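Below is the file data.csv, which contains CSV, C-alpha atoms.
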```
chain,number,residue,atom,x,y,z
A,104,LEU,CA,0.0,0.0,0.0
A,105,PHE,CA,1.4,3.4,-0.9
A,106,VAL,CA,-1.4,5.9,-1.3
A,107,VAL,CA,-4.6,6.6,0.6
A,108,LEU,CA,-7.0,9.1,-0.9
A,109,THR,CA,-9.9,11.0,0.7
A,110,PRO,CA,-13.3,9.3,0.5
A,111,ASP,CA,-15.1,9.2,-2.8
A,112,ASP,CA,-17.5,12.2,-3.5
A,113,SER,CA,-20.0,11.5,-6.3
A,114,SER,CA,-20.7,15.2,-6.8
A,115,ARG,CA,-17.2,15.5,-8.2
A,116,HIS,CA,-17.8,13.1,-11.1
A,117,GLY,CA,-19.8,15.3,-13.5
A,118,GLY,CA,-23.0,13.2,-13.4
A,119,ARG,CA,-21.4,9.8,-14.0
A,120,VAL,CA,-23.6,6.9,-12.8
A,121,ARG,CA,-22.2,4.2,-10.6
A,122,GLY,CA,-22.0,0.7,-12.3
A,123,PHE,CA,-23.2,-0.8,-9.0
A,124,PRO,CA,-24.6,0.6,-5.8
A,125,HIS,CA,-22.3,1.5,-3.0
A,126,GLU,CA,-22.6,-0.7,0.1
A,127,ARG,CA,-20.6,-0.6,3.3
A,128,GLY,CA,-17.9,-3.2,3.2
A,129,ASN,CA,-17.9,-3.4,-0.7
A,130,TRP,CA,-14.7,-2.0,-2.3
A,131,ALA,CA,-14.7,-1.2,-6.0
A,132,THR,CA,-11.5,-2.8,-7.4
A,133,HIS,CA,-9.7,-2.3,-10.7
A,134,VAL,CA,-6.4,-3.6,-12.1
A,135,TYR,CA,-4.6,-1.4,-14.7
A,136,LEU,CA,-1.4,-0.1,-16.2
A,137,PRO,CA,-0.9,3.6,-15.2
A,138,TYR,CA,0.3,6.1,-17.8
A,139,VAL,CA,1.9,9.3,-16.8
A,140,ALA,CA,1.3,11.8,-19.5
A,141,GLN,CA,4.1,14.0,-20.9
A,142,GLU,CA,3.6,17.6,-21.8
A,143,GLU,CA,3.5,16.7,-25.5
A,144,PHE,CA,0.8,14.1,-24.9
A,145,LEU,CA,-1.4,16.7,-23.2
A,146,GLU,CA,-0.9,19.0,-26.2
A,147,LEU,CA,-2.2,16.3,-28.4
A,148,LEU,CA,-5.1,15.6,-26.0
A,149,GLN,CA,-6.0,19.3,-26.1
A,150,LEU,CA,-6.1,19.3,-30.0
A,151,LEU,CA,-8.3,16.1,-30.0
A,152,VAL,CA,-10.7,17.3,-27.4
A,153,SER,CA,-11.1,20.7,-29.0
A,154,ARG,CA,-11.9,19.2,-32.3
A,155,ALA,CA,-14.3,16.6,-30.8
A,156,ARG,CA,-16.2,19.3,-28.9
A,157,THR,CA,-17.3,20.7,-32.2
A,158,TYR,CA,-19.4,17.5,-32.4
A,159,VAL,CA,-20.1,17.0,-28.7
A,160,PRO,CA,-19.7,20.1,-26.6
A,161,SER,CA,-20.1,18.3,-23.3
A,162,LEU,CA,-16.9,16.2,-23.7
A,163,ALA,CA,-14.5,16.4,-20.8
A,164,ALA,CA,-10.8,15.5,-21.0
A,165,VAL,CA,-9.6,12.7,-18.8
A,166,GLU,CA,-7.2,13.8,-16.1
A,167,GLU,CA,-5.5,10.5,-15.2
A,168,PHE,CA,-4.6,7.9,-17.9
A,169,HIS,CA,-4.5,4.2,-17.7
A,170,LEU,CA,-5.0,1.0,-19.7
A,171,SER,CA,-7.4,-1.5,-18.0
A,172,LEU,CA,-6.5,-5.1,-17.3
A,173,SER,CA,-9.8,-5.9,-15.5
A,174,GLN,CA,-13.3,-4.7,-15.2
A,175,CYS,CA,-14.3,-2.8,-12.1
A,176,VAL,CA,-15.3,-5.6,-9.6
A,177,VAL,CA,-16.5,-5.6,-6.0
A,178,LEU,CA,-14.3,-7.0,-3.2
A,179,ARG,CA,-15.2,-7.4,0.4
A,180,TYR,CA,-12.8,-5.7,2.7
A,181,HIS,CA,-11.3,-8.9,4.1
A,182,TRP,CA,-10.6,-10.1,0.5
A,183,ILE,CA,-8.3,-7.2,-0.4
A,184,GLU,CA,-5.1,-8.5,1.2
A,185,PRO,CA,-5.3,-12.1,-0.2
A,186,PHE,CA,-6.4,-10.7,-3.6
A,187,VAL,CA,-3.4,-8.4,-3.8
A,188,ARG,CA,-1.1,-11.1,-2.5
A,189,SER,CA,-2.3,-13.5,-5.3
A,190,LEU,CA,-1.9,-10.7,-7.9
A,191,ARG,CA,1.7,-10.1,-6.7
A,192,GLU,CA,2.5,-13.8,-7.0
A,193,ARG,CA,1.0,-14.2,-10.5
A,194,LEU,CA,2.5,-11.0,-11.9
A,195,ALA,CA,6.0,-11.3,-10.4
A,196,ALA,CA,7.5,-13.0,-13.5
A,197,PHE,CA,6.5,-10.3,-16.0
A,198,HIS,CA,9.0,-8.0,-17.7
A,199,ARG,CA,8.7,-4.4,-18.8
A,200,PHE,CA,7.4,-4.0,-22.3
A,201,PHE,CA,5.9,-1.4,-24.7
A,202,CYS,CA,2.9,-1.1,-26.8
A,203,VAL,CA,1.7,1.4,-29.4
A,204,ALA,CA,-1.6,3.2,-28.8
A,205,ASP,CA,-2.3,5.2,-31.9
A,206,GLN,CA,-5.8,4.3,-33.2
A,207,VAL,CA,-8.6,6.6,-32.2
A,208,LYS,CA,-11.8,4.8,-31.3
A,209,VAL,CA,-15.2,5.5,-29.7
A,210,TYR,CA,-16.4,3.4,-26.8
A,211,THR,CA,-19.5,3.3,-24.5
A,212,ASN,CA,-19.7,1.6,-21.1
A,213,GLN,CA,-21.9,-1.5,-20.8
A,214,ASN,CA,-25.0,0.2,-19.7
A,215,LYS,CA,-24.6,3.1,-22.2
A,216,THR,CA,-24.5,5.8,-19.6
A,217,ARG,CA,-21.1,7.1,-20.8
A,218,THR,CA,-19.2,7.6,-24.0
A,219,PHE,CA,-15.5,7.7,-24.3
A,220,ILE,CA,-12.8,8.6,-26.9
A,221,GLY,CA,-9.8,6.4,-26.6
A,222,LEU,CA,-6.5,5.4,-28.2
A,223,GLU,CA,-6.6,1.7,-29.1
A,224,VAL,CA,-3.4,-0.4,-29.0
A,225,SER,CA,-2.1,-1.5,-32.4
A,226,ALA,CA,1.1,-3.2,-31.2
A,227,GLY,CA,1.8,-5.0,-27.9
A,228,ARG,CA,-1.6,-6.8,-27.7
A,229,PHE,CA,0.0,-10.3,-27.1
A,230,GLN,CA,1.8,-9.1,-23.8
A,231,LEU,CA,-1.4,-7.5,-22.7
A,232,LEU,CA,-3.4,-10.6,-23.2
A,233,GLU,CA,-0.8,-12.6,-21.2
A,234,LEU,CA,-1.2,-10.1,-18.3
A,235,VAL,CA,-5.0,-10.3,-18.5
A,236,SER,CA,-4.8,-14.1,-18.4
A,237,GLU,CA,-3.0,-13.9,-15.0
A,238,VAL,CA,-5.3,-11.2,-13.7
A,239,ASP,CA,-8.3,-13.3,-14.8
A,240,GLY,CA,-6.9,-16.2,-12.9
A,241,VAL,CA,-6.9,-14.2,-9.6
A,242,LEU,CA,-10.5,-13.0,-10.3
A,243,GLU,CA,-11.6,-16.6,-10.8
A,244,GLU,CA,-10.1,-17.5,-7.4
A,245,PHE,CA,-12.5,-15.0,-5.8
A,246,ASP,CA,-15.4,-15.9,-8.1
A,247,LEU,CA,-15.4,-12.4,-9.7
A,248,PRO,CA,-16.1,-11.5,-13.3
A,249,THR,CA,-13.1,-11.8,-15.7
A,250,PHE,CA,-12.1,-9.3,-18.4
A,251,TYR,CA,-13.9,-9.1,-21.7
A,252,LYS,CA,-13.5,-12.0,-24.1
A,253,ASP,CA,-12.0,-10.0,-27.0
A,254,PRO,CA,-10.8,-6.8,-25.3
A,255,SER,CA,-10.1,-3.6,-27.1
A,256,PHE,CA,-7.1,-2.4,-25.1
A,257,HIS,CA,-7.1,1.4,-25.0
A,258,ILE,CA,-6.3,4.6,-23.1
A,259,SER,CA,-9.3,6.8,-22.6
A,260,LEU,CA,-8.8,10.5,-23.4
A,261,ALA,CA,-12.2,12.1,-23.0
A,262,TRP,CA,-15.7,11.2,-21.9
A,263,CYS,CA,-19.3,12.5,-21.7
A,264,VAL,CA,-22.6,11.4,-20.1
A,265,GLY,CA,-24.9,9.3,-22.2
A,266,ASP,CA,-24.5,7.4,-25.5
A,267,LEU,CA,-23.3,10.0,-28.0
A,268,SER,CA,-21.2,7.5,-30.0
A,269,GLY,CA,-23.3,8.3,-33.1
A,270,ARG,CA,-22.1,11.9,-33.1
A,271,LEU,CA,-18.4,11.0,-32.6
A,272,GLU,CA,-18.1,8.1,-35.1
A,273,GLY,CA,-17.7,8.7,-38.8
A,274,GLN,CA,-16.5,12.2,-39.8
A,275,CYS,CA,-15.4,13.2,-36.3
A,276,LEU,CA,-13.4,10.0,-35.8
A,277,ARG,CA,-11.7,10.5,-39.2
A,278,GLU,CA,-10.7,14.0,-38.2
A,279,LEU,CA,-9.3,12.9,-34.9
A,280,GLN,CA,-7.3,10.1,-36.5
A,281,ASP,CA,-5.9,12.7,-38.9
A,282,ILE,CA,-4.8,14.8,-36.0
A,283,VAL,CA,-3.0,11.9,-34.3
A,284,ASP,CA,-1.3,10.8,-37.6
A,285,GLY,CA,-0.1,14.3,-38.3
A,286,PHE,CA,1.1,15.2,-34.8
A,287,GLU,CA,4.8,15.7,-34.9
A,288,GLU,CA,5.7,13.7,-31.8
A,289,SER,CA,3.0,11.0,-32.1
A,290,ALA,CA,5.3,8.1,-33.2
A,291,PHE,CA,7.5,8.7,-30.1
A,292,LEU,CA,4.7,9.7,-27.7
A,293,LEU,CA,2.3,6.8,-28.5
A,294,ARG,CA,5.0,4.1,-28.1
A,295,ILE,CA,4.3,3.6,-24.4
A,296,HIS,CA,6.7,1.7,-22.1
A,297,TRP,CA,5.0,0.0,-19.1
A,298,GLU,CA,6.9,-0.3,-15.9
A,299,GLN,CA,4.3,-1.2,-13.3
A,300,ILE,CA,0.8,-2.6,-12.8
A,301,ARG,CA,-1.5,-1.1,-10.2
A,302,CYS,CA,-4.6,-2.3,-8.4
A,303,LYS,CA,-7.0,0.3,-6.9
A,304,SER,CA,-9.4,-1.0,-4.3
A,305,GLY,CA,-11.6,1.7,-2.8
A,306,ASN,CA,-9.2,4.4,-1.7
A,307,LYS,CA,-6.2,2.1,-1.6
A,308,TYR,CA,-3.5,1.8,-4.3
A,309,PHE,CA,-1.2,-1.2,-4.7
A,310,SER,CA,1.8,-1.3,-7.1
A,311,PHE,CA,3.4,-4.3,-8.8
A,312,PRO,CA,6.7,-3.3,-10.6
A,313,LEU,CA,7.5,-5.1,-13.8
A,314,ARG,CA,11.0,-6.7,-13.9
```
Translate the structure of the given file into structure tokens.
Amino acid sequence: LFVVLTPDDSSRHGGRVRGFPHERGNWATHVYLPYVAQEEFLELLQLLVSRARTYVPSLAAVEEFHLSLSQCVVLRYHWIEPFVRSLRERLAAFHRFFCVADQVKVYTNQNKTRTFIGLEVSAGRFQLLELVSEVDGVLEEFDLPTFYKDPSFHISLAWCVGDLSGRLEGQCLRELQDIVDGFEESAFLLRIHWEQIRCKSGNKYFSFPLR
């Protein structure tokens, strides 16, 4: 454990709807690869969001970036320590690697309450699937839902409330891809080196360095 945050405040989430009701003793848990954005990446993000807002004015830029290796699942408090221990054991053998995330794509969450613009991975998928296989193994130990069967690995860039995918796909998506393809630093920026995996459970963060 290395970070403890203040309690969650739903009023800070811009109208996003919880995927499941909050219950005392239930800890929302998520396994992911964290990405620390460089200044040039934030410049690219600003260009993309500015263009996309001409189609969907309510779009908000994401402030913290990651690539998911699990769905958001619910852990009971007393499961957190054995869950993290099992993750640490299964992920200990993995080495650092890179992937390329350079394909703009539009996503909605499962209940269609939110729409996202993301950068989909075009290289490095094999290593990501290997990681997901190990994370899925831990989830199965605790009888929790595993990751999607054919995942589209991506880093979310912006989001809005509701299903507005129809406005963002087609012409908007083509324009956003043109921005990425033409951005001077994109080939360097979007080749992302992963050095650690994280697990967030409630307000607790756990880190698993890659070798």
Residue with the minimum atom-to-atom distance to Glu146 in chain A, picked from A:Glu233, A:Glu298, A:Glu287, A:Glu243 with only C-alpha atoms counted, is A:Glu287
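Of note, CA of Gln174 in chain A and CA of Phe197 in chain A are spaced 20.6 Å apart.
Remark: for Val207 in chain A, the closest of the candidate residues A:His296, A:Arg193, A:Arg277, A:Lys252 is A:Arg277 (distances computed over only C-alpha atoms).
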Please provide as a list in words all residues within 7 Å of Val241 in chain A, with the sequence filter that same-chain residues fewer than 6 positions apart are discarded (counting only C-alpha atoms).
Phe186, Ser189 and Leu190 of chain A
Skip Leu162 in chain A itself and residues of its chain fewer than 2 positions away, then list as a PDB file with C-alpha atoms, in the frame of the given file all residues within 10 Å of it, counting all atoms listed in the file.
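Done, and the output landed in around.pdb:
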```pdb
ATOM      1  CA  VAL A 152     -10.700  17.300 -27.400  1.00  0.00           C
ATOM      2  CA  SER A 153     -11.100  20.700 -29.000  1.00  0.00           C
ATOM      3  CA  ALA A 155     -14.300  16.600 -30.800  1.00  0.00           C
ATOM      4  CA  ARG A 156     -16.200  19.300 -28.900  1.00  0.00           C
ATOM      5  CA  THR A 157     -17.300  20.700 -32.200  1.00  0.00           C
ATOM      6  CA  TYR A 158     -19.400  17.500 -32.400  1.00  0.00           C
ATOM      7  CA  VAL A 159     -20.100  17.000 -28.700  1.00  0.00           C
ATOM      8  CA  PRO A 160     -19.700  20.100 -26.600  1.00  0.00           C
ATOM      9  CA  ALA A 164     -10.800  15.500 -21.000  1.00  0.00           C
ATOM     10  CA  VAL A 165      -9.600  12.700 -18.800  1.00  0.00           C
ATOM     11  CA  THR A 218     -19.200   7.600 -24.000  1.00  0.00           C
ATOM     12  CA  PHE A 219     -15.500   7.700 -24.300  1.00  0.00           C
ATOM     13  CA  ILE A 220     -12.800   8.600 -26.900  1.00  0.00           C
ATOM     14  CA  LEU A 260      -8.800  10.500 -23.400  1.00  0.00           C
ATOM     15  CA  ALA A 261     -12.200  12.100 -23.000  1.00  0.00           C
ATOM     16  CA  TRP A 262     -15.700  11.200 -21.900  1.00  0.00           C
ATOM     17  CA  CYS A 263     -19.300  12.500 -21.700  1.00  0.00           C
ATOM     18  CA  VAL A 264     -22.600  11.400 -20.100  1.00  0.00           C
ATOM     19  CA  LEU A 267     -23.300  10.000 -28.000  1.00  0.00           C
TER      20      LEU A 267
END
```
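The closest residue to Val235 in chain A, picked from A:Trp297, A:Tyr180, A:Phe291, A:Tyr135 and counting all atoms listed in the file, is A:Tyr135.
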Polymer residues at most 12 Å from His257 in chain A, only C-alpha atoms, same-chain spacing of 4 or more positions, as an NGL selection string
:A and (135-138 or 168-172 or 202-210 or 219-228 or 231 or 293 or 295)
Output C-alpha atoms for every residue in that selection, as an mmCIF file, keeping the file's coordinate frame.
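Below you can see again_0.cif, which holds the result:
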```cif
data_model
loop_
_atom_site.group_PDB
_atom_site.id
_atom_site.type_symbol
_atom_site.label_atom_id
_atom_site.label_comp_id
_atom_site.auth_asym_id
_atom_site.auth_seq_id
_atom_site.Cartn_x
_atom_site.Cartn_y
_atom_site.Cartn_z
ATOM 1 C CA TYR A 135 -4.600 -1.400 -14.700
ATOM 2 C CA LEU A 136 -1.400 -0.100 -16.200
ATOM 3 C CA PRO A 137 -0.900 3.600 -15.200
ATOM 4 C CA TYR A 138 0.300 6.100 -17.800
ATOM 5 C CA PHE A 168 -4.600 7.900 -17.900
ATOM 6 C CA HIS A 169 -4.500 4.200 -17.700
ATOM 7 C CA LEU A 170 -5.000 1.000 -19.700
ATOM 8 C CA SER A 171 -7.400 -1.500 -18.000
ATOM 9 C CA LEU A 172 -6.500 -5.100 -17.300
ATOM 10 C CA CYS A 202 2.900 -1.100 -26.800
ATOM 11 C CA VAL A 203 1.700 1.400 -29.400
ATOM 12 C CA ALA A 204 -1.600 3.200 -28.800
ATOM 13 C CA ASP A 205 -2.300 5.200 -31.900
ATOM 14 C CA GLN A 206 -5.800 4.300 -33.200
ATOM 15 C CA VAL A 207 -8.600 6.600 -32.200
ATOM 16 C CA LYS A 208 -11.800 4.800 -31.300
ATOM 17 C CA VAL A 209 -15.200 5.500 -29.700
ATOM 18 C CA TYR A 210 -16.400 3.400 -26.800
ATOM 19 C CA PHE A 219 -15.500 7.700 -24.300
ATOM 20 C CA ILE A 220 -12.800 8.600 -26.900
ATOM 21 C CA GLY A 221 -9.800 6.400 -26.600
ATOM 22 C CA LEU A 222 -6.500 5.400 -28.200
ATOM 23 C CA GLU A 223 -6.600 1.700 -29.100
ATOM 24 C CA VAL A 224 -3.400 -0.400 -29.000
ATOM 25 C CA SER A 225 -2.100 -1.500 -32.400
ATOM 26 C CA ALA A 226 1.100 -3.200 -31.200
ATOM 27 C CA GLY A 227 1.800 -5.000 -27.900
ATOM 28 C CA ARG A 228 -1.600 -6.800 -27.700
ATOM 29 C CA LEU A 231 -1.400 -7.500 -22.700
ATOM 30 C CA LEU A 293 2.300 6.800 -28.500
ATOM 31 C CA ILE A 295 4.300 3.600 -24.400
#
```
Since the input has fewer atoms than a full residue there, write range 204-224 of chain A out with N, CA, C and O atoms, as a PDB file, keeping the file's coordinate frame.
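selection.pdb, freshly written:
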```pdb
ATOM      1  N   ALA A 204      -0.180   2.816 -28.888  1.00  0.00           N
ATOM      2  CA  ALA A 204      -1.600   3.200 -28.800  1.00  0.00           C
ATOM      3  C   ALA A 204      -1.851   4.363 -29.687  1.00  0.00           C
ATOM      4  O   ALA A 204      -1.655   5.502 -29.265  1.00  0.00           O
ATOM      5  N   ASP A 205      -2.262   4.114 -30.926  1.00  0.00           N
ATOM      6  CA  ASP A 205      -2.300   5.200 -31.900  1.00  0.00           C
ATOM      7  C   ASP A 205      -3.580   5.206 -32.768  1.00  0.00           C
ATOM      8  O   ASP A 205      -3.668   5.948 -33.743  1.00  0.00           O
ATOM      9  N   GLN A 206      -4.559   4.373 -32.408  1.00  0.00           N
ATOM     10  CA  GLN A 206      -5.800   4.300 -33.200  1.00  0.00           C
ATOM     11  C   GLN A 206      -6.949   4.893 -32.432  1.00  0.00           C
ATOM     12  O   GLN A 206      -7.346   4.364 -31.393  1.00  0.00           O
ATOM     13  N   VAL A 207      -7.509   5.992 -32.914  1.00  0.00           N
ATOM     14  CA  VAL A 207      -8.600   6.600 -32.200  1.00  0.00           C
ATOM     15  C   VAL A 207      -9.881   5.813 -32.357  1.00  0.00           C
ATOM     16  O   VAL A 207     -10.212   5.345 -33.452  1.00  0.00           O
ATOM     17  N   LYS A 208     -10.572   5.612 -31.249  1.00  0.00           N
ATOM     18  CA  LYS A 208     -11.800   4.800 -31.300  1.00  0.00           C
ATOM     19  C   LYS A 208     -12.787   5.330 -30.265  1.00  0.00           C
ATOM     20  O   LYS A 208     -12.411   5.952 -29.267  1.00  0.00           O
ATOM     21  N   VAL A 209     -14.072   5.089 -30.540  1.00  0.00           N
ATOM     22  CA  VAL A 209     -15.200   5.500 -29.700  1.00  0.00           C
ATOM     23  C   VAL A 209     -15.704   4.329 -28.907  1.00  0.00           C
ATOM     24  O   VAL A 209     -15.928   3.265 -29.490  1.00  0.00           O
ATOM     25  N   TYR A 210     -15.935   4.498 -27.611  1.00  0.00           N
ATOM     26  CA  TYR A 210     -16.400   3.400 -26.800  1.00  0.00           C
ATOM     27  C   TYR A 210     -17.624   3.910 -25.951  1.00  0.00           C
ATOM     28  O   TYR A 210     -17.747   5.098 -25.665  1.00  0.00           O
ATOM     29  N   THR A 211     -18.486   2.966 -25.566  1.00  0.00           N
ATOM     30  CA  THR A 211     -19.500   3.300 -24.500  1.00  0.00           C
ATOM     31  C   THR A 211     -19.326   2.209 -23.434  1.00  0.00           C
ATOM     32  O   THR A 211     -18.836   1.096 -23.685  1.00  0.00           O
ATOM     33  N   ASN A 212     -19.729   2.574 -22.207  1.00  0.00           N
ATOM     34  CA  ASN A 212     -19.700   1.600 -21.100  1.00  0.00           C
ATOM     35  C   ASN A 212     -20.872   0.607 -21.343  1.00  0.00           C
ATOM     36  O   ASN A 212     -21.724   0.802 -22.211  1.00  0.00           O
ATOM     37  N   GLN A 213     -20.910  -0.448 -20.529  1.00  0.00           N
ATOM     38  CA  GLN A 213     -21.900  -1.500 -20.800  1.00  0.00           C
ATOM     39  C   GLN A 213     -23.319  -1.088 -20.695  1.00  0.00           C
ATOM     40  O   GLN A 213     -24.142  -1.558 -21.471  1.00  0.00           O
ATOM     41  N   ASN A 214     -23.648  -0.172 -19.770  1.00  0.00           N
ATOM     42  CA  ASN A 214     -25.000   0.200 -19.700  1.00  0.00           C
ATOM     43  C   ASN A 214     -25.332   1.545 -20.429  1.00  0.00           C
ATOM     44  O   ASN A 214     -26.385   2.177 -20.225  1.00  0.00           O
ATOM     45  N   LYS A 215     -24.389   1.931 -21.315  1.00  0.00           N
ATOM     46  CA  LYS A 215     -24.600   3.100 -22.200  1.00  0.00           C
ATOM     47  C   LYS A 215     -24.856   4.391 -21.542  1.00  0.00           C
ATOM     48  O   LYS A 215     -25.507   5.270 -22.088  1.00  0.00           O
ATOM     49  N   THR A 216     -24.309   4.543 -20.330  1.00  0.00           N
ATOM     50  CA  THR A 216     -24.500   5.800 -19.600  1.00  0.00           C
ATOM     51  C   THR A 216     -23.332   6.776 -19.867  1.00  0.00           C
ATOM     52  O   THR A 216     -23.426   7.948 -19.496  1.00  0.00           O
ATOM     53  N   ARG A 217     -22.253   6.290 -20.470  1.00  0.00           N
ATOM     54  CA  ARG A 217     -21.100   7.100 -20.800  1.00  0.00           C
ATOM     55  C   ARG A 217     -20.502   6.775 -22.110  1.00  0.00           C
ATOM     56  O   ARG A 217     -20.511   5.609 -22.505  1.00  0.00           O
ATOM     57  N   THR A 218     -19.951   7.764 -22.778  1.00  0.00           N
ATOM     58  CA  THR A 218     -19.200   7.600 -24.000  1.00  0.00           C
ATOM     59  C   THR A 218     -17.808   8.074 -23.863  1.00  0.00           C
ATOM     60  O   THR A 218     -17.589   9.090 -23.188  1.00  0.00           O
ATOM     61  N   PHE A 219     -16.871   7.363 -24.463  1.00  0.00           N
ATOM     62  CA  PHE A 219     -15.500   7.700 -24.300  1.00  0.00           C
ATOM     63  C   PHE A 219     -14.799   7.796 -25.708  1.00  0.00           C
ATOM     64  O   PHE A 219     -15.180   7.080 -26.633  1.00  0.00           O
ATOM     65  N   ILE A 220     -13.781   8.653 -25.804  1.00  0.00           N
ATOM     66  CA  ILE A 220     -12.800   8.600 -26.900  1.00  0.00           C
ATOM     67  C   ILE A 220     -11.542   8.043 -26.375  1.00  0.00           C
ATOM     68  O   ILE A 220     -11.056   8.480 -25.322  1.00  0.00           O
ATOM     69  N   GLY A 221     -10.983   7.045 -27.059  1.00  0.00           N
ATOM     70  CA  GLY A 221      -9.800   6.400 -26.600  1.00  0.00           C
ATOM     71  C   GLY A 221      -8.767   6.189 -27.687  1.00  0.00           C
ATOM     72  O   GLY A 221      -9.077   6.303 -28.877  1.00  0.00           O
ATOM     73  N   LEU A 222      -7.539   5.869 -27.286  1.00  0.00           N
ATOM     74  CA  LEU A 222      -6.500   5.400 -28.200  1.00  0.00           C
ATOM     75  C   LEU A 222      -6.310   3.943 -28.071  1.00  0.00           C
ATOM     76  O   LEU A 222      -5.880   3.465 -27.010  1.00  0.00           O
ATOM     77  N   GLU A 223      -6.657   3.202 -29.112  1.00  0.00           N
ATOM     78  CA  GLU A 223      -6.600   1.700 -29.100  1.00  0.00           C
ATOM     79  C   GLU A 223      -5.167   1.270 -29.405  1.00  0.00           C
ATOM     80  O   GLU A 223      -4.463   1.864 -30.226  1.00  0.00           O
ATOM     81  N   VAL A 224      -4.771   0.179 -28.761  1.00  0.00           N
ATOM     82  CA  VAL A 224      -3.400  -0.400 -29.000  1.00  0.00           C
ATOM     83  C   VAL A 224      -3.384  -1.102 -30.329  1.00  0.00           C
ATOM     84  O   VAL A 224      -4.268  -1.882 -30.686  1.00  0.00           O
TER      85      VAL A 224
END
```
